[in-house]
$ cat entry36.cif   # mmCIF, C-alpha atoms
data_upload
#
loop_
_atom_site.label_atom_id
_atom_site.label_comp_id
_atom_site.auth_asym_id
_atom_site.auth_seq_id
_atom_site.Cartn_x
_atom_site.Cartn_y
_atom_site.Cartn_z
CA MET A 1 -20.11 -12.58 -41.62
CA LYS A 2 -21.93 -12.32 -44.94
CA ASP A 3 -23.64 -9.16 -43.67
CA LEU A 4 -20.32 -7.55 -42.92
CA ILE A 5 -19.16 -7.96 -46.52
CA LYS A 6 -22.45 -6.59 -47.88
CA GLU A 7 -22.48 -3.69 -45.42
CA THR A 8 -18.88 -2.82 -46.18
CA ILE A 9 -19.41 -2.78 -49.93
CA GLU A 10 -22.53 -0.65 -49.49
CA LYS A 11 -20.62 1.76 -47.30
CA ILE A 12 -17.85 1.98 -49.89
CA LYS A 13 -20.40 2.75 -52.62
CA ASP A 14 -22.59 5.11 -50.56
CA GLN A 15 -19.68 7.17 -49.30
CA GLY A 16 -17.91 7.13 -52.66
CA ILE A 17 -14.80 5.64 -51.13
CA ALA A 18 -12.17 4.85 -53.76
CA PRO A 19 -8.61 3.56 -53.73
CA GLU A 20 -6.17 6.41 -53.24
CA PRO A 21 -4.21 7.26 -56.38
CA ARG A 22 -0.95 5.37 -56.79
CA TRP A 23 1.10 8.52 -57.27
CA LYS A 24 0.52 9.48 -53.63
CA TYR A 25 2.05 6.22 -52.53
CA LEU A 26 4.91 6.57 -55.02
CA VAL A 27 5.66 10.12 -53.85
CA LYS A 28 5.91 8.85 -50.28
CA LYS A 29 7.94 5.81 -51.27
CA TYR A 30 10.47 7.62 -53.45
CA GLY A 31 10.37 10.68 -51.18
CA MET A 32 11.93 8.62 -48.40
CA TRP A 33 14.67 7.46 -50.77
CA ALA A 34 15.20 11.02 -51.99
CA VAL A 35 15.61 12.20 -48.39
CA PHE A 36 18.11 9.37 -47.86
CA GLY A 37 20.00 10.54 -50.96
CA VAL A 38 20.09 14.13 -49.70
CA ILE A 39 21.35 12.99 -46.29
CA ILE A 40 24.11 10.92 -47.89
CA LEU A 41 25.08 13.86 -50.13
CA LEU A 42 25.26 16.19 -47.12
CA GLY A 43 27.32 13.57 -45.30
CA ALA A 44 29.59 13.24 -48.32
CA ILE A 45 30.08 17.03 -48.48
CA SER A 46 30.91 17.06 -44.76
CA PHE A 47 33.33 14.19 -45.30
CA SER A 48 35.06 15.96 -48.18
CA ILE A 49 35.48 19.12 -46.09
CA ALA A 50 36.81 17.14 -43.12
CA PHE A 51 39.13 15.13 -45.34
CA ASN A 52 40.37 18.31 -46.99
CA LEU A 53 41.15 19.80 -43.58
CA LEU A 54 42.95 16.68 -42.40
CA SER A 55 44.94 16.30 -45.60
CA GLN A 56 46.34 19.81 -45.28
CA LEU A 57 47.50 19.57 -41.70
CA ASP A 58 51.02 18.68 -40.65
CA TRP A 59 50.69 15.71 -38.32
CA ASP A 60 54.29 15.57 -37.15
CA LEU A 61 54.30 18.83 -35.22
CA TYR A 62 53.69 17.06 -31.90
CA ARG A 63 57.48 16.77 -31.60
CA PHE A 64 57.76 20.55 -31.55
CA ALA A 65 54.59 21.08 -29.53
CA HIS A 66 55.97 18.78 -26.79
CA GLN A 67 52.90 16.57 -26.85
CA SER A 68 52.28 12.90 -27.44
CA ALA A 69 51.42 11.93 -31.00
CA VAL A 70 47.98 10.69 -29.91
CA LEU A 71 47.04 13.80 -27.92
CA TYR A 72 48.27 16.09 -30.66
CA SER A 73 46.38 14.14 -33.33
CA LEU A 74 43.21 14.31 -31.22
CA SER A 75 43.59 18.07 -30.98
CA LEU A 76 43.64 18.31 -34.78
CA LEU A 77 40.47 16.35 -35.51
CA PRO A 78 37.58 18.32 -37.04
CA TYR A 79 35.03 17.48 -34.34
CA PHE A 80 32.32 19.71 -35.80
CA TRP A 81 32.37 17.71 -39.02
CA ILE A 82 32.72 14.39 -37.21
CA VAL A 83 29.63 15.18 -35.13
CA THR A 84 27.80 16.43 -38.24
CA ILE A 85 28.61 13.20 -40.09
CA GLY A 86 27.50 11.21 -37.03
CA ILE A 87 24.16 13.02 -36.89
CA LEU A 88 23.65 12.58 -40.64
CA LEU A 89 24.46 8.87 -40.34
CA ALA A 90 21.89 8.50 -37.57
CA LEU A 91 19.34 10.32 -39.77
CA ALA A 92 20.28 8.10 -42.72
CA PHE A 93 19.73 4.94 -40.64
CA PHE A 94 16.41 6.28 -39.36
CA ASP A 95 15.25 7.26 -42.85
CA LEU A 96 16.38 3.96 -44.35
CA ARG A 97 14.39 2.07 -41.73
CA LYS A 98 11.34 4.15 -42.63
CA THR A 99 11.48 3.25 -46.32
CA GLU A 100 8.98 0.68 -47.54
CA THR A 101 11.43 -2.22 -47.29
CA GLY A 102 13.76 -0.69 -44.70
CA TYR A 103 12.79 -3.11 -41.94
CA LYS A 104 14.30 -5.94 -43.95
CA TYR A 105 17.81 -4.48 -44.01
CA SER A 106 20.37 -5.68 -41.49
CA TRP A 107 22.50 -3.20 -39.57
CA LEU A 108 25.49 -4.39 -41.58
CA LYS A 109 23.79 -3.64 -44.89
CA MET A 110 22.53 -0.25 -43.68
CA SER A 111 26.00 0.63 -42.37
CA LEU A 112 27.70 -0.42 -45.59
CA VAL A 113 25.28 1.59 -47.73
CA SER A 114 25.28 4.70 -45.51
CA ILE A 115 28.90 4.86 -44.37
CA GLY A 116 30.19 3.50 -47.68
CA GLY A 117 28.08 6.03 -49.62
CA ILE A 118 29.34 8.94 -47.54
CA ILE A 119 32.98 7.87 -47.81
CA VAL A 120 32.98 7.01 -51.53
CA ILE A 121 30.98 10.06 -52.67
CA GLY A 122 32.83 12.25 -50.15
CA PHE A 123 36.17 11.11 -51.50
CA VAL A 124 35.05 11.90 -55.06
CA PHE A 125 33.95 15.37 -53.86
CA PHE A 126 37.38 15.77 -52.24
CA LEU A 127 39.16 14.74 -55.44
CA ILE A 128 37.23 17.21 -57.58
CA GLY A 129 38.07 19.95 -55.09
CA LEU A 130 34.64 20.56 -53.61
CA GLY A 131 35.87 20.05 -50.03
CA GLY A 132 38.68 22.54 -50.55
CA LYS A 133 36.42 25.16 -52.11
CA LEU A 134 33.86 24.90 -49.33
CA ASN A 135 36.56 25.05 -46.69
CA ALA A 136 38.05 28.16 -48.28
CA PHE A 137 34.58 29.71 -48.42
CA LEU A 138 33.87 28.93 -44.76
CA ILE A 139 37.26 30.18 -43.59
CA LYS A 140 36.87 33.39 -45.58
CA ASP A 141 33.24 34.19 -44.87
CA ILE A 142 32.81 32.78 -41.37
CA PRO A 143 35.85 33.89 -39.35
CA TYR A 144 34.62 32.01 -36.28
CA TYR A 145 34.86 28.75 -38.23
CA GLY A 146 38.56 29.07 -38.98
CA GLN A 147 39.54 30.70 -35.71
CA HIS A 148 37.63 28.68 -33.14
CA MET A 149 35.69 25.78 -34.62
CA MET A 150 38.33 24.07 -36.64
CA MET A 151 42.06 23.44 -36.70
CA THR A 152 42.73 24.58 -40.22
CA LYS A 153 46.09 24.68 -41.89
CA GLU A 154 46.03 28.44 -41.33
CA SER A 155 45.23 28.20 -37.63
CA GLN A 156 47.79 25.40 -37.17
CA TRP A 157 50.50 27.65 -38.60
CA MET A 158 49.46 30.91 -37.03
CA GLN A 159 50.51 30.16 -33.47
CA PRO A 160 53.75 32.14 -33.05
CA ASN A 161 53.60 31.76 -29.27
CA SER A 162 53.60 27.98 -29.71
CA GLY A 163 56.39 28.11 -32.27
CA PHE A 164 54.48 27.88 -35.54
CA LEU A 165 54.37 30.72 -38.03
CA SER A 166 53.54 31.10 -41.69
CA GLY A 167 53.45 33.87 -44.19
CA THR A 168 54.62 35.30 -47.50
CA LEU A 169 58.28 36.15 -48.07
CA THR A 170 58.69 39.88 -48.58
CA ILE A 171 62.41 40.57 -48.19
CA ILE A 172 65.26 38.19 -48.91
CA SER A 173 68.77 39.48 -48.57
CA ASN A 174 72.01 38.47 -46.97
CA GLY A 175 71.26 37.77 -43.38
CA LYS A 176 67.70 38.94 -43.59
CA LEU A 177 64.47 37.12 -44.25
CA GLU A 178 61.20 38.88 -43.70
CA ILE A 179 57.66 37.64 -44.03
CA ASN A 180 54.17 39.01 -43.81
CA ASP A 181 52.19 36.53 -41.72
CA LEU A 182 48.62 35.48 -42.55
CA ASN A 183 47.28 38.41 -40.53
CA GLY A 184 49.50 40.87 -42.37
CA GLN A 185 52.02 41.35 -39.56
CA LYS A 186 55.69 41.68 -40.48
CA TRP A 187 58.15 39.24 -38.96
CA ASN A 188 61.91 39.14 -39.14
CA VAL A 189 62.93 35.49 -39.46
CA ILE A 190 66.22 34.67 -37.77
CA LEU A 191 68.19 31.83 -39.37
CA ASP A 192 71.36 30.10 -38.27
CA GLU A 193 73.44 27.02 -39.14
CA LYS A 194 70.99 24.75 -37.39
CA THR A 195 67.98 25.93 -39.32
CA LEU A 196 66.71 23.12 -41.52
CA ILE A 197 65.26 24.24 -44.80
CA ARG A 198 63.28 21.44 -46.40
CA PRO A 199 64.36 20.58 -49.99
CA ALA A 200 61.17 21.77 -51.67
CA VAL A 201 61.23 25.22 -50.10
CA ASN A 202 61.59 27.97 -52.65
CA ILE A 203 63.09 31.00 -50.98
CA ALA A 204 61.80 33.70 -53.25
CA LYS A 205 59.83 36.86 -52.80
CA GLY A 206 56.11 36.17 -52.84
CA GLU A 207 56.47 32.50 -51.84
CA MET A 208 54.52 31.23 -48.88
CA ILE A 209 56.38 29.30 -46.23
CA LYS A 210 55.76 27.64 -42.89
CA ILE A 211 58.22 28.09 -40.07
CA ILE A 212 58.82 26.06 -36.93
CA GLY A 213 60.81 27.86 -34.26
CA SER A 214 60.35 30.20 -31.36
CA LYS A 215 59.08 33.71 -30.97
CA LYS A 216 61.76 36.05 -29.66
CA ASP A 217 59.73 39.22 -29.44
CA ALA A 218 56.84 40.95 -31.16
CA ASN A 219 58.56 40.97 -34.57
CA ASN A 220 61.37 38.43 -34.40
CA PHE A 221 60.99 34.71 -34.90
CA GLU A 222 63.90 32.29 -34.69
CA ALA A 223 63.52 29.49 -37.25
CA LEU A 224 64.39 25.88 -36.53
CA GLU A 225 62.83 24.54 -39.69
CA ILE A 226 61.26 26.01 -42.81
CA ARG A 227 58.75 24.15 -44.94
CA PRO A 228 56.91 25.12 -48.11
CA TRP A 229 53.27 26.16 -47.70
CA MET A 230 52.09 23.12 -49.61
CA GLY A 231 53.08 19.80 -48.10
CA GLN A 232 56.03 19.05 -45.88
CA GLY A 233 58.68 19.80 -48.47
CA MET A 234 60.52 16.50 -48.22
CA MET A 235 60.76 16.15 -52.01
CA ASN A 236 62.54 18.70 -54.13
CA GLY A 237 59.56 20.16 -55.84
CA SER A 238 61.15 22.25 -58.55
CA GLY A 239 58.34 21.49 -60.91
CA ALA A 240 56.38 23.65 -63.28
CA GLY A 241 54.73 26.71 -61.87
CA ARG A 242 57.34 27.45 -59.26
CA SER A 243 58.61 30.99 -59.21
CA SER A 244 62.31 31.36 -59.86
CA GLY A 245 64.49 32.02 -56.92
CA MET A 246 66.79 30.27 -54.58
CA MET A 247 66.16 26.59 -54.31
CA ASN A 248 67.89 25.09 -51.40
CA ASN A 249 68.69 21.95 -49.63
CA GLY A 250 70.92 23.08 -46.88
CA SER A 251 71.01 25.14 -43.76
CA GLY A 252 69.65 28.62 -43.46
CA ARG A 253 72.97 30.39 -42.99
CA ASP A 254 74.46 28.71 -46.11
CA MET A 255 71.56 29.75 -48.16
CA MET A 256 71.45 33.28 -46.91
CA ASN A 257 75.13 33.63 -47.66
CA GLY A 258 74.51 32.35 -51.13
CA ASN A 259 76.74 29.24 -50.67
CA MET B 14 -15.70 -23.39 -57.48
CA SER B 15 -16.24 -20.21 -59.53
CA GLU B 16 -13.63 -18.73 -61.80
CA LYS B 17 -13.26 -15.70 -59.52
CA GLU B 18 -12.52 -17.89 -56.53
CA LEU B 19 -9.59 -19.42 -58.42
CA GLN B 20 -8.01 -16.06 -59.10
CA THR B 21 -4.96 -14.96 -57.13
CA ASP B 22 -5.10 -12.18 -54.57
CA ALA B 23 -3.19 -9.90 -56.92
CA GLU B 24 -5.67 -10.51 -59.72
CA LEU B 25 -8.60 -9.88 -57.40
CA ILE B 26 -7.01 -6.63 -56.25
CA GLU B 27 -6.81 -5.42 -59.85
CA LEU B 28 -10.47 -6.33 -60.37
CA ALA B 29 -11.53 -4.75 -57.08
CA LYS B 30 -9.96 -1.45 -58.11
CA GLN B 31 -12.45 -1.34 -60.97
CA ASP B 32 -15.47 -2.76 -59.17
CA PRO B 33 -15.99 -2.59 -55.37
CA GLU B 34 -18.33 -5.58 -55.56
CA LEU B 35 -15.34 -7.77 -56.38
CA PHE B 36 -13.60 -6.54 -53.27
CA GLY B 37 -16.12 -8.74 -51.49
CA LEU B 38 -14.24 -11.80 -52.74
CA LEU B 39 -11.05 -10.64 -51.06
CA MET B 40 -12.99 -9.86 -47.89
CA GLU B 41 -14.47 -13.32 -47.97
CA ARG B 42 -11.01 -14.87 -48.17
CA TYR B 43 -9.59 -13.01 -45.21
CA GLN B 44 -12.44 -12.01 -42.94
CA VAL B 45 -12.17 -15.03 -40.64
CA GLN B 46 -8.41 -14.73 -40.18
CA LEU B 47 -8.52 -10.98 -39.65
CA SER B 48 -11.52 -11.20 -37.37
CA HIS B 49 -9.71 -13.71 -35.13
CA TYR B 50 -6.57 -11.57 -35.16
CA ILE B 51 -8.46 -8.44 -34.13
CA ARG B 52 -10.33 -10.33 -31.40
CA ARG B 53 -7.18 -11.93 -30.05
CA LEU B 54 -5.33 -8.67 -29.95
CA THR B 55 -8.03 -6.31 -28.76
CA GLN B 56 -9.95 -8.77 -26.60
CA LEU B 57 -13.08 -6.85 -27.48
CA GLY B 58 -16.59 -8.25 -27.86
CA GLN B 59 -17.91 -9.60 -31.17
CA ASP B 60 -19.73 -6.39 -32.20
CA ASP B 61 -16.72 -4.19 -31.58
CA VAL B 62 -14.50 -6.64 -33.43
CA GLN B 63 -16.87 -6.53 -36.43
CA ASP B 64 -16.81 -2.72 -36.40
CA LEU B 65 -13.02 -2.70 -36.33
CA LEU B 66 -12.89 -5.33 -39.07
CA GLN B 67 -15.10 -3.22 -41.30
CA GLU B 68 -12.86 -0.21 -40.74
CA VAL B 69 -9.83 -2.37 -41.56
CA PHE B 70 -11.40 -3.60 -44.80
CA ILE B 71 -12.26 -0.06 -45.84
CA LYS B 72 -8.64 0.97 -45.18
CA ILE B 73 -7.42 -2.00 -47.22
CA TYR B 74 -9.72 -0.92 -50.05
CA GLN B 75 -8.44 2.66 -49.89
CA LYS B 76 -4.85 1.43 -50.00
CA LEU B 77 -5.27 -1.10 -52.81
CA ASN B 78 -2.92 0.91 -55.04
CA GLU B 79 -0.20 0.63 -52.41
CA TYR B 80 -0.13 -3.14 -52.48
CA ASP B 81 3.19 -4.52 -53.63
CA GLU B 82 3.21 -8.12 -54.80
CA VAL B 83 6.56 -8.66 -53.10
CA LEU B 84 4.51 -9.14 -49.94
CA LYS B 85 1.92 -11.82 -49.30
CA PHE B 86 -1.49 -10.16 -49.37
CA SER B 87 -2.31 -11.67 -45.98
CA SER B 88 0.83 -10.09 -44.43
CA TRP B 89 -0.10 -6.74 -45.93
CA ALA B 90 -3.68 -7.02 -44.69
CA TYR B 91 -2.48 -8.02 -41.20
CA ARG B 92 -0.17 -5.00 -41.25
CA ILE B 93 -3.06 -2.67 -41.94
CA ALA B 94 -5.09 -4.38 -39.22
CA HIS B 95 -2.16 -4.08 -36.79
CA ASN B 96 -1.76 -0.35 -37.49
CA HIS B 97 -5.49 0.20 -37.18
CA ILE B 98 -5.60 -1.58 -33.82
CA ILE B 99 -2.67 0.47 -32.52
CA ASP B 100 -4.47 3.64 -33.65
CA TYR B 101 -7.63 2.39 -31.98
CA PHE B 102 -5.89 1.88 -28.64
CA ARG B 103 -4.29 5.30 -28.93
CA LYS B 104 -7.67 6.86 -29.67
CA VAL B 105 -9.55 5.24 -26.83
CA GLY B 106 -6.53 5.64 -24.55
CA ALA B 107 -7.10 2.33 -22.85
CA ARG B 108 -5.78 -1.19 -22.67
CA PRO B 109 -8.06 -4.18 -23.06
CA LYS B 110 -9.68 -5.06 -19.74
CA PHE B 111 -10.80 -8.62 -20.31
CA ASN B 112 -9.76 -11.71 -22.16
CA SER B 113 -11.43 -13.37 -25.05
CA LEU B 114 -8.88 -15.88 -26.26
CA GLU B 115 -10.20 -19.40 -26.63
CA ASP B 116 -8.74 -22.03 -24.33
CA TYR B 117 -6.77 -23.67 -27.11
CA GLU B 118 -5.31 -20.27 -27.99
CA TRP B 119 -4.19 -19.65 -24.42
CA GLU B 120 -2.64 -23.08 -24.30
CA LYS B 121 -0.54 -22.32 -27.37
CA ILE B 122 0.96 -19.22 -25.76
CA ILE B 123 1.39 -20.83 -22.37
CA GLY B 124 2.91 -23.95 -23.88
CA ALA B 125 5.37 -21.93 -25.93
CA SER B 126 6.36 -19.74 -23.01
CA VAL B 127 6.67 -22.05 -20.03
CA HIS B 128 7.51 -25.26 -21.89
CA ILE B 129 4.94 -27.62 -20.50
CA GLU B 130 2.82 -30.32 -21.99
CA LYS B 131 -0.79 -29.37 -22.47
CA ASP B 132 -2.12 -32.44 -20.69
CA ILE B 133 -0.38 -31.63 -17.42
CA MET B 134 -1.76 -28.11 -17.22
CA ASN B 135 -3.67 -27.47 -14.07
CA ARG B 136 -6.93 -25.70 -14.89
CA ASP B 137 -6.70 -23.29 -11.98
CA CYS B 138 -3.13 -22.50 -12.87
CA VAL B 139 -3.99 -21.82 -16.50
CA GLU B 140 -6.49 -19.20 -15.36
CA LYS B 141 -3.81 -17.42 -13.37
CA VAL B 142 -1.40 -17.54 -16.32
CA LYS B 143 -4.08 -16.07 -18.58
CA VAL B 144 -4.28 -13.04 -16.31
CA CYS B 145 -0.50 -12.61 -16.49
CA ILE B 146 -0.52 -12.83 -20.30
CA SER B 147 -3.37 -10.38 -20.62
CA GLN B 148 -1.34 -7.91 -18.54
CA LEU B 149 1.67 -8.08 -20.84
CA PRO B 150 2.44 -4.92 -22.83
CA ILE B 151 0.72 -5.08 -26.21
CA LYS B 152 4.07 -5.21 -28.08
CA TYR B 153 4.85 -8.56 -26.40
CA LYS B 154 1.33 -9.89 -26.45
CA GLU B 155 1.05 -9.17 -30.16
CA VAL B 156 4.18 -11.07 -31.21
CA LEU B 157 3.25 -14.00 -28.97
CA ILE B 158 -0.20 -14.14 -30.57
CA LEU B 159 1.22 -13.84 -34.10
CA ARG B 160 3.86 -16.49 -33.51
CA PHE B 161 2.10 -19.05 -31.36
CA VAL B 162 -1.62 -18.53 -32.01
CA GLU B 163 -1.66 -17.30 -35.60
CA GLU B 164 1.39 -19.53 -36.20
CA LYS B 165 3.06 -17.03 -38.49
CA GLU B 166 6.62 -17.46 -39.70
CA TYR B 167 9.23 -14.91 -38.58
CA GLU B 168 9.33 -13.41 -42.08
CA GLU B 169 5.58 -12.85 -42.04
CA ILE B 170 5.72 -11.25 -38.59
CA MET B 171 8.48 -8.98 -39.92
CA ASP B 172 6.22 -7.94 -42.81
CA ILE B 173 3.22 -7.39 -40.56
CA LEU B 174 4.99 -5.37 -37.89
CA LYS B 175 7.53 -3.81 -40.28
CA LYS B 176 10.28 -4.71 -37.87
CA PRO B 177 13.66 -6.35 -38.57
CA LYS B 178 13.92 -10.08 -37.92
CA GLY B 179 16.24 -9.50 -34.97
CA SER B 180 13.71 -7.18 -33.33
CA VAL B 181 10.93 -9.73 -33.84
CA ALA B 182 13.03 -12.47 -32.26
CA THR B 183 13.94 -10.15 -29.38
CA LEU B 184 10.30 -9.21 -28.79
CA ILE B 185 9.28 -12.86 -28.68
CA ALA B 186 12.11 -13.76 -26.30
CA ARG B 187 11.42 -10.76 -24.06
CA GLY B 188 7.70 -11.45 -24.11
CA LYS B 189 8.36 -14.96 -22.84
CA GLU B 190 10.87 -13.72 -20.26
CA THR B 191 8.45 -11.06 -19.02
CA LEU B 192 5.72 -13.64 -18.69
CA ILE B 193 7.94 -16.05 -16.75
CA ARG B 194 9.13 -13.23 -14.48
CA GLU B 195 5.55 -12.17 -13.88
CA LEU B 196 4.59 -15.74 -13.00
CA LYS B 197 7.45 -15.96 -10.51
CA GLU B 198 6.61 -12.61 -8.94
CA GLN B 199 3.03 -13.71 -8.43
CA ASN B 200 4.14 -17.07 -7.04
CA ILE B 201 2.39 -18.96 -9.80
CA ASN B 202 4.40 -22.15 -9.70
CA CYS B 203 1.89 -24.82 -10.39
CA PHE B 204 3.36 -26.59 -13.42
#

$ encode --input "entry36.cif" --output "structure tokens"
Amino acid sequence: MKDLIKETIEKIKDQGIAPEPRWKYLVKKYGMWAVFGVIILLGAISFSIAFNLLSQLDWDLYRFAHQSAVLYSLSLLPYFWIVTIGILLALAFFDLRKTETGYKYSWLKMSLVSIGGIIVIGFVFFLIGLGGKLNAFLIKDIPYYGQHMMMTKESQWMQPNSGFLSGTLTIISNGKLEINDLNGQKWNVILDEKTLIRPAVNIAKGEMIKIIGSKKDANNFEALEIRPWMGQGMMNGSGAGRSSGMMNNGSGRDMMNGN
Amino acid sequence: MSEKELQTDAELIELAKQDPELFGLLMERYQVQLSHYIRRLTQLGQDDVQDLLQEVFIKIYQKLNEYDEVLKFSSWAYRIAHNHIIDYFRKVGARPKFNSLEDYEWEKIIGASVHIEKDIMNRDCVEKVKVCISQLPIKYKEVLILRFVEEKEYEEIMDILKKPKGSVATLIARGKETLIRELKEQNINCF
């Protein structure tokens, strides 16, 4: 045994073996934590985008789509982002386990740190508008994203065959309401006594609206309900920044007749 | 007892970083423990165990700056030995072919696994059980050796294997179950 110690020390001296510098170890140690931080940030960004999408959708349309609330809600979920968050969570767990002290953390602690981090930071990102900006960027620059990958507010309200239409008011006159939909197509919106116009809707040229109803032909859409572009229009939102025009809280025919 | 022998592991590490000769004091403290651990796990002959031990000590020396006092030095040293042994088996691409645990060491594992008193062990039966244990996958054999032969606490095994406590407990339980199943399959029912 004594020989082993002597031989080992001689070998260390002869071969010039020295302790590796501490910075190498620190780079590895903090590198793992930095990777964890990046994963959580990416997860938080994904969460803010998903939350932004969900917050803009109208969840009560199942009544008009003739579907159950559950099935309709499932069809609205942003699965791409849910899967992305799931993958990032798995990576975060894996990375956390690989940190120097990761093996000591319970699943509960790792879940709280990872999921909690993604939700809290993601919600902050959502509040400061990052989710909205990134969504707008993706919808604008990657058409496939908005058209096929995700149920966005735009895609939810650009389904005239299913009874959902949206666009900008272009002509408002007695008995006539015309919009340019999100693809630039002109639609004549047919109103009658039964048409419900939500209180916050501002019927004015240049305003964006959402319409629930049925498509009559290529350019005519019969409206059952009209909502403002932002929100569901339950509250009378005549606040600052609204363009002047007809505010209404009655049926379509009354409004169009100026009553 | 010299002044150096009274110093803590952490103090000796700091000294060893400056002077390799002082690393000898750390080696002296742990060479018996680590030598037994390597022998028990690898089941290699004395010369091969000594070679592996030297390689382990050199690795420990190279990693001295990585040592974190949160861990016991012995746990950290066992961890390096464990990783080195795993690498060794990967390199040689083989599993140990023969057994070199002492009788009292076998008895500890057997006693912990099949719940029998040492004095009622049948000698012939013990030999058969030894074969079954030696055929266990290394992940099970290792935790059984650490827990019942090295008599390490769960927390120390966690630190050595870098596995969560739940995984350590599961490995120990599965190791025992696998051993009992193996004994039944081979009709070893002599206790």

$ resolve_selection --input "entry36.cif" --expression "the PyMOL selection byres ((chain A) within 12 of (chain B))" --output "number ranges by chain"
A: 1-29, 97-107, 110

$ closest_residue --input "entry36.cif" --among "A:Ser73, A:Asn202, A:Ser114, A:Gln67" --to "Leu42 in chain A" --atoms "all atoms listed in the file"
A:Ser114

$ resolve_selection --input "entry36.cif" --expression "the PyMOL selection byres ((chain A and resi 149) around 12)" --output "PyMOL selection string"
chain A and resi 75-81+138-139+142-148+150-152+155

$ atom_distance --input "entry36.cif" --atom1 "CA of Met32 in chain A" --atom2 "CA of Ile119 in chain A"
21.1 Å

$ residues_around --input "entry36.cif" --residues "Phe86 in chain B" --least-positions-apart "6" --cutoff "10 Å" --atoms "all atoms listed in the file" --output "PyMOL selection string"
chain B and resi 21-23+26+39+43+80+92

$ residues_around --input "entry36.cif" --residues "range 188-192 of chain B" --least-positions-apart "4" --cutoff "8 Å" --atoms "all atoms listed in the file" --output "list of chain:residue names"
B:Ser126, B:Val127, B:Cys145, B:Ile146, B:Leu149, B:Tyr153, B:Lys154, B:Val156, B:Leu157, B:Leu184, B:Leu196

$ write_last_selection --input "entry36.cif" --atoms "C-alpha atoms" --output "CSV table (one decimal), in the coordinates of the input"
chain,number,residue,atom,x,y,z
B,126,SER,CA,6.4,-19.7,-23.0
B,127,VAL,CA,6.7,-22.0,-20.0
B,145,CYS,CA,-0.5,-12.6,-16.5
B,146,ILE,CA,-0.5,-12.8,-20.3
B,149,LEU,CA,1.7,-8.1,-20.8
B,153,TYR,CA,4.8,-8.6,-26.4
B,154,LYS,CA,1.3,-9.9,-26.4
B,156,VAL,CA,4.2,-11.1,-31.2
B,157,LEU,CA,3.2,-14.0,-29.0
B,184,LEU,CA,10.3,-9.2,-28.8
B,196,LEU,CA,4.6,-15.7,-13.0

$ atom_distance --input "entry36.cif" --atom1 "CA of Gly233 in chain A" --atom2 "CA of Ser162 in chain A"
21.1 Å

$ residues_around --input "entry36.cif" --residues "Ile151 in chain B" --least-positions-apart "3" --cutoff "12 Å" --atoms "all atoms listed in the file" --output "list in words"
Arg53, Leu54, Thr55, Gln56, His95, Ile98, Ile99, Phe102, Arg103, Ala107, Arg108, Pro109, Ile146, Ser147, Gln148, Lys154, Glu155, Val156, Leu157, Ile158, Leu159, Leu184, Ile185 and Gly188 of chain B

$ atom_distance --input "entry36.cif" --atom1 "CA of Ile121 in chain A" --atom2 "CA of Leu71 in chain A"
29.7 Å

$ residues_around --input "entry36.cif" --residues "Ala50 in chain A" --least-positions-apart "2" --cutoff "12 Å" --atoms "all atoms listed in the file" --output "JSON, numbers by chain"
{"A": [43, 44, 45, 46, 47, 48, 52, 53, 54, 55, 56, 57, 76, 77, 78, 79, 80, 81, 82, 83, 84, 85, 118, 119, 122, 123, 125, 126, 130, 131, 132, 134, 135, 150, 151, 152]}

$ residues_around --input "entry36.cif" --residues "Glu178 in chain A" --least-positions-apart "5" --cutoff "10 Å" --atoms "all atoms listed in the file" --output "PyMOL selection string"
chain A and resi 167-173+186-190+205+219-221

$ closest_residue --input "entry36.cif" --among "A:Ile179, A:Ala69, A:Ala218, A:Met234" --to "Val201 in chain A" --atoms "all atoms listed in the file"
A:Met234

$ closest_residue --input "entry36.cif" --among "B:Val142, B:Leu28, B:Val181, B:Ile93" --to "Lys165 in chain B" --atoms "all atoms listed in the file"
B:Val181
